[in-house]
Each structure stands twice: as C-alpha cells, then as structure tokens.
Amino acid sequence: MEKRKWPDSFDFQGFNEPIGEEWSATDLPVEGEIPAGIEGAFFRALADPAFPPIVEKDTYLSGDGMVARFLIRGGKVDFALKYVDTKRHQAEAAAGRALFGAYHNPYTDDPTVKGVDRTTANTTPIWHAGRLMLSKEDGHSYEVNPHTLETIGSFTYDGELRTLTTSAHPRFDPATGEMFIHGYEAAGPATCDVALCVVDKGGKLVSEEWFQAPYCAMLHDFVLTQNWAVFPVFPTIADLDRMKAGGPAWVHHQDVPSWVGIMPRYGKGSEIQWLKGPNGLSGYHMMNGYEEEVDGTTLLHIDQNVMETNIFPFIRDASGIDASPADIRAALVRWTIDLNDLDAGWTEKPLGPPGDMSRTAMKDQGRPYEIGYYACYDPKVGPPLIHSVVGAGFNTLIRINVQTGELAALALGPDRSINEPVHIASPDPQHEGWLAAVVDTHSTMSSELWIVEAGHPARGAVAKVRLPRRLRPQIHGTWVSLAEFENSVRK
Ligand SMILES: [Fe+2]
C-alpha cells in the first residue's frame with residue numbers, strides 16, 4: 001500500500017519527521033569519557049507514528065510509543081529502540097494503515113477498532129518495583145521487558161485498578177519506595193473523575209481513592225509532598241459532545257479559573273479541598289513541592305512552569321488562541337499555600353526563566369530541596385528550530401538553586417535542541433551527580449547523548465555518545481541504576 005504523505009505541519013517535519021524503525025547498536029563511539037560512577041540504563045519514551053494519520057491534521061503527541069534504552073556499563077554504551085507493541089499498534093500493523101483518529105478522541109476512530117485500547121504508551125518510561133512500564137495518560141501503562149524491550153502487555157496490577165487511566169507522571173517517595181500515580185478521566189472520556197493510587201515499594205496497589213475535579217482538565221502531572229498530594233488544574237478542558245461530533249478533545253479556555261486541589265496523600269478522595277486561582281493559566285510539569293513550618297503555620301510550596309495560555313499549537317488552534325510560542329508569557333514559579341488559610345488561595349513568586357521538562361535528584365522529591373534542572377528556549381541563543389510538540393526546540397539547559405535563585409546555564413548554540421535531561425545520582429554523596437540528555441544537531445540531522453556534570457552544566461559535556469542514526473524527539477525519560485536493572489522482575 002502506498003504511503004500517504006505526512007500532514008503538512010511541523011509535527012512531521014525536520015527532527016519531527018517520522019522514522020519508524022527499530023534498531024540497536026553496541027559499543028557506540030564516545031567523545032570524552034563516561035564517568036566511572038555512571039552505570040545503568042537510560043530509558044526514553046518517544047512518539048513515532050508507524051502510519052500516516054487518517055485525520056487531516058495531527059499532533060506529534062499522537063505518534064506510536066517507542067522505547068529507547070542507552071545501557072551504560074564499564075564506560076561502554078549500547079543502544080536499542082523498539083515500538084511499544086500496544087493493541088493500537090498491533091491493529092494498525094495488521095491493517096497496514098492508521099485506524100485511530102484524532103488526538104484523544106475515540107469517536108474519530110475507524111469503526112473496526114471501536115473499543116480497542118487506543119493508548120500509544122508514548123510518554124514516560126516508569127520504573128517501579130523492578131518493572132518497566134511505558135505510559136500515557138489516556139489508558140493503562142504497558143509493561144515492557146527492560147532487557148529485550150519486548151512488550152508484555154497492559155499493566156493493571158492484576159486487574160485491581162478501577163481507574164481506566166493512569167498517568168505518565170507518577171510521583172515517588174524516595175524514603176518509602178512508594179509510587180503515587182493518578183489517573184484522570186478515570187471513569188471514561190471527558191469525565192471529571194480522578195483517581196489517586198498508592199503502590200507500595202513491592203509493587204502492590206494498596207489504595208485507590210477517587211475525587212471529582214472542577215472540570216475535565218488535561219491533568220498531566222501532580223506534586224507529592226510528605227503529607228499531601230497536590231493537583232494543579234488548568235482550564236484545558238475536554239467536552240464529550242464536542243468529541244462525539246468529531247471535534248477536538250482539548251480546548252483551552254482563557255475565561256475559566258485554574259484550581260489547586262490538595263488531599264492528604266494517604267487520605268480519602270472526599271478529603272480533597274479546592275483553592276481557586278486566576279483564569280486561563282496553563283502548566284504541564286511540576287518540578288517539586290514540599291512543606292515548610294513557618295511562624296506556627298505550614299506552608300505548601302509547589303514549583304512549576306506556569307504559562308498564560310496553552311503552549312501546544314494544536315490546542316491553541318482548536319481554541320482560537322492566536323499566539324506564537326515565543327510571545328507566550330511564562331516562568332518557573334513557586335506557588336505557596338498556607339494550610340491554615342486555604343481561603344486565601346495561593347501566592348506566586350518567580351523563580352527562574354520559562355522552560356519545561358524539569359527534574360530534580362530523586363532523593364529531593366517531596367521534601368525541602370535546593371537544586372532543580374530544566375530545559376528552556378532562549379531566543380538569544382538562536383532562532384526557533386523545529387523540534388518536538390511545541391514546534392520550537394529547547395536550546396539551553398538550566399540548573400537553578402530555588403532557595404537562592406542562582407542560575408547556571410549550558411547554551412547549546414543556534415543549531416541544537418536538547419531533550420529532557422535525566423539526573424543520575426553519584427555513588428559519592430558529596431557529588432551532585434550528572435545530567436544525561438540527548439542533544440540533536442539540526443544542520444547534520446544527528447543525535448548524541450550528552451553527559452554533563454549536574455553541578456556545572458556551563459562546562460559542557462564530559463562525554464558525548466554518537467549515534468549512527470537520528471532519533472525522533474523524546475518525550476520523557478528515566479534513569480535506572482545497573483543494580484536495579486539487573487534485579488528486574490522480568491529477565
Ligand atoms: Fe509530561
């Protein structure tokens with residue numbers, strides 16, 4: 001069957017041009033030296049459509065999930081890339097063409113796949129209790145064998161999950177080994193039901209609490225602190241009637257308030273309390289959050305990138321919002337809630353320049369911390385280059401001390417885009433560790449894995465691993481130590 005050409009949009013051009021090939025390579029060439037403390041696997045999720053879409057317009061986010069793995073041992077680096085063999089991928093492969101329709105809208109699918117699990121599992125590789133799971137927020141995760149990258153199947157905790165979805169952004173308590181994972185549209189498309197699941201360190205689902213969000217928001221991420229689960233809700237909203245009519249699932253509403261829901265992390269869904277905030281805001285990823293005792297009260301801090309409107313062009317188009325990414329006001333900010341005065345809402349304090357894909361060391365999650373890392377687009381470094389879902393790649397890697405405001409940046413120059421960094425802990429507790437990220441060079445259409453000293457990003461890469469082929473941009477990644485990798489449940 002002749003391939004239909006890809007839609008004429010940035011989602012399918014430049015670095016976003018689909019590749020759709022599974023491959024692997026061993027002992028990749030390294031410029032510099034891999035630090036001896038780095039041993040483990042860097043798993044990455046990316047979206048890459050196997051077939052041109054059946055809808056006229058589509059987004060990068062619709063692409064079939066692929067799982068990539070850099071395996072670093074003894075200073076050597078191996079690489080492998082494979083499709084997540086979802087029910088959706090299987091159905092389309094059997095038909096030899098795309099069957100699923102518009103992003104997040106099952107009512108636009110070919111009738112032959114009605115009721116088939118339509119998640120692409122393309123967003124985050126989750127590692128917990130010795131298992132690797134590839135996740136997206138519109139279904140259950142798929143378990144993947146971390147050694148072979150073969151797909152095992154949909155992961156539902158032995159059928160115990162009631163929620164129809166689990167998100168791509170679980171939160172972990174590094175002290176207890178627990179994973180907290182939420183699912184929105186828990187009862188089906190456009191429902192306001194949200195689930196919060198607690199999974200113990202052995203991988204057992206121990207609770208699942210439901211609550212109602214103020215509206216059906218694209219509830220992508222949340223924050224976990226020592227006592228609280230915190231849910232920022234922004235007005236990018238699904239509507240069932242619009243979806244059934246074949247329209248876009250997600251529309252951003254500038255005239256609808258944002259909210260924050262706070263719930264005791266081991267509490268009941270009925271205990272959630274809602275704080276109302278400004279209209280029209282948007283945000284996707286939270287860097288971290290923690291509680292602080294000050295003057296006899298408890299403050300809850302949430303650090304995240306907040307924008308004045310939705311950053312995704314396909315959502316702005318659907319919403320009639322005319323703004324280019326470069327013109328959208330945004331910043332890394334701290335929202336602070338006084339737990340003794342919830343009626344006061346929250347206050348906002350700027351922390352750093354706008355960006356996204358923020359990370360911290362795992363040991364810092366949910367507790368007082370100093371250092372965060374994220375990617376940003378700095379127009380002074382170079383013009384926007386086509387890369388990933390926003391259409392303008394990140395060209396700068398930032399380290400921020402959120403307590404002092406101190407910033408350090410690695411500017412990649414006008415020809416490069418950086419994917420989300422992952423933090424690699426050092427065996428030396430006095431050492432801040434490293435950041436690993438794939439850096440894409442546009443003039444040569446080539447990809448490299450860069451290793452950077454986390455404490456000194458401006459010094460540049462201490463090692464660059466050259467790949468023989470270009471990679472499609474990553475969504476999220478996760479680092480797994482060699483000991484965890486070798487002790488995996490699946491062998
Ligand atoms: Fe995300």
# chains A, B, ... in the order shown; residues from 1 in each chain; ligands from 1
>>> closest_atom_pairs(of="chain A", to="ligand 1", cutoff="7 Å", atoms="only C-alpha atoms and all ligand atoms", output="CSV")
residue,atom,partner,partner_atom_place_in_ligand_line,distance
A:Thr123,CA,ligand 1,1 (Fe),6.7
A:Ala168,CA,ligand 1,1 (Fe),6.4
A:His169,CA,ligand 1,1 (Fe),6.5
A:His220,CA,ligand 1,1 (Fe),6.4
A:Asp221,CA,ligand 1,1 (Fe),6.9
A:Tyr284,CA,ligand 1,1 (Fe),6.4
A:His285,CA,ligand 1,1 (Fe),6.1
A:His476,CA,ligand 1,1 (Fe),6.6
>>> select_by_dssp(residues="region 320-394 of chain A", states="helix (DSSP H, G or I)", output="PyMOL selection string")
chain A and resi 325-327+342-344+362-364
>>> residues_around(residues="Asp241 (chain A)", least_positions_apart="6", cutoff="10 Å", atoms="only C-alpha atoms", output="PyMOL selection string")
chain A and resi 190+247+249
>>> write_last_selection(atoms="N, CA and C atoms", output="compact mmCIF listing (two decimals), in the first residue's frame")
# COMPACT_ATOMS: atom_id res chain seq x y z
N ALA A 190 -13.86 12.39 29.03
CA ALA A 190 -14.46 13.68 29.45
C ALA A 190 -15.11 13.62 30.83
N GLY A 247 -15.05 16.74 16.94
CA GLY A 247 -14.22 17.92 17.18
C GLY A 247 -13.02 17.60 18.04
N ALA A 249 -10.63 17.14 21.15
CA ALA A 249 -10.87 16.76 22.55
C ALA A 249 -10.57 17.93 23.47
>>> closest_residue(among="A:Ser426, A:Gln474, A:Asn340, A:Thr396", to="Glu39 (chain A)", atoms="only C-alpha atoms")
A:Ser426
>>> atom_distance(atom1="CA of Pro170 (chain A)", atom2="CA of Lys363 (chain A)")
15.1 Å
>>> closest_residue(among="A:Pro146, A:Gly345, A:Gly246, A:Gly382", to="Arg131 (chain A)", atoms="only C-alpha atoms")
A:Pro146
>>> closest_atom_pairs(of="region 221-317 of chain A", to="region 105-108 of chain A", cutoff="10 Å", atoms="only C-alpha atoms", output="CSV")
residue,atom,partner,partner_atom,distance
A:Ala238,CA,A:Asn105,CA,9.6
A:Leu240,CA,A:Asn105,CA,9.3
A:Arg242,CA,A:Asn105,CA,9.6
A:Met243,CA,A:Asn105,CA,6.0
A:Lys244,CA,A:Tyr107,CA,5.5
A:Ala245,CA,A:Tyr107,CA,7.8
A:Gly246,CA,A:Thr108,CA,5.7
A:Gly247,CA,A:Asn105,CA,8.1
A:Pro248,CA,A:Asn105,CA,7.2
A:Ala249,CA,A:Asn105,CA,5.7
A:Trp250,CA,A:Asn105,CA,9.2
>>> closest_atom_pairs(of="region 137-203 of chain A", to="region 81-94 of chain A", cutoff="10 Å", atoms="only C-alpha atoms", output="CSV")
residue,atom,partner,partner_atom,distance
A:Ser141,CA,A:Thr86,CA,9.6
A:Tyr142,CA,A:Thr86,CA,7.3
A:Glu143,CA,A:Val84,CA,9.0
A:Val144,CA,A:Val84,CA,7.6
A:Thr148,CA,A:Lys82,CA,9.2
A:Leu149,CA,A:Lys82,CA,6.5
A:Glu150,CA,A:Val84,CA,7.6
A:Thr151,CA,A:Asp85,CA,5.6
A:Ile152,CA,A:Asp85,CA,8.4
A:Gly153,CA,A:Thr86,CA,7.4
A:Ser154,CA,A:Thr86,CA,7.9
>>> residues_around(residues="Gly267 (chain A)", least_positions_apart="4", cutoff="9 Å", atoms="only C-alpha atoms", output="list in words")
Glu209, Trp228, Met263, Glu271 and Ile272 of chain A
>>> select_by_dssp(residues="region 39-151 of chain A", states="strand (DSSP E or B)", output="PyMOL selection string")
chain A and resi 40-47+65-73+76-83+124-128+131-135+141-144+151
>>> residues_around(residues="Gly101 (chain A)", least_positions_apart="4", cutoff="6 Å", atoms="only C-alpha atoms", output="PyMOL selection string")
chain A and resi 54-55+108-109
>>> residues_around(residues="Arg459 (chain A)", least_positions_apart="3", cutoff="12 Å", atoms="only C-alpha atoms", output="list in words")
Leu397, Ala408, Ala409, Leu410, Ala411, Leu412, Ile451, Val452, Glu453, Ala454, Gly455, His456, Val462 and Ala463 of chain A
>>> write_last_selection(atoms="C-alpha atoms", output="PDB file, in the first residue's frame")
ATOM      1  CA  LEU A 397      19.953  23.503  29.890  1.00  0.00           C
ATOM      2  CA  ALA A 408      23.756  28.253  35.693  1.00  0.00           C
ATOM      3  CA  ALA A 409      23.104  27.515  32.029  1.00  0.00           C
ATOM      4  CA  LEU A 410      24.527  25.457  29.226  1.00  0.00           C
ATOM      5  CA  ALA A 411      23.672  27.254  25.975  1.00  0.00           C
ATOM      6  CA  LEU A 412      23.798  24.777  23.102  1.00  0.00           C
ATOM      7  CA  ILE A 451      26.669  13.632  29.876  1.00  0.00           C
ATOM      8  CA  VAL A 452      27.040  16.828  31.884  1.00  0.00           C
ATOM      9  CA  GLU A 453      28.225  17.469  35.435  1.00  0.00           C
ATOM     10  CA  ALA A 454      24.982  18.328  37.233  1.00  0.00           C
ATOM     11  CA  GLY A 455      26.752  20.887  39.400  1.00  0.00           C
ATOM     12  CA  HIS A 456      28.494  22.559  36.451  1.00  0.00           C
ATOM     13  CA  VAL A 462      32.144  15.467  29.814  1.00  0.00           C
ATOM     14  CA  ALA A 463      31.148  12.770  27.349  1.00  0.00           C
TER      15      ALA A 463
END
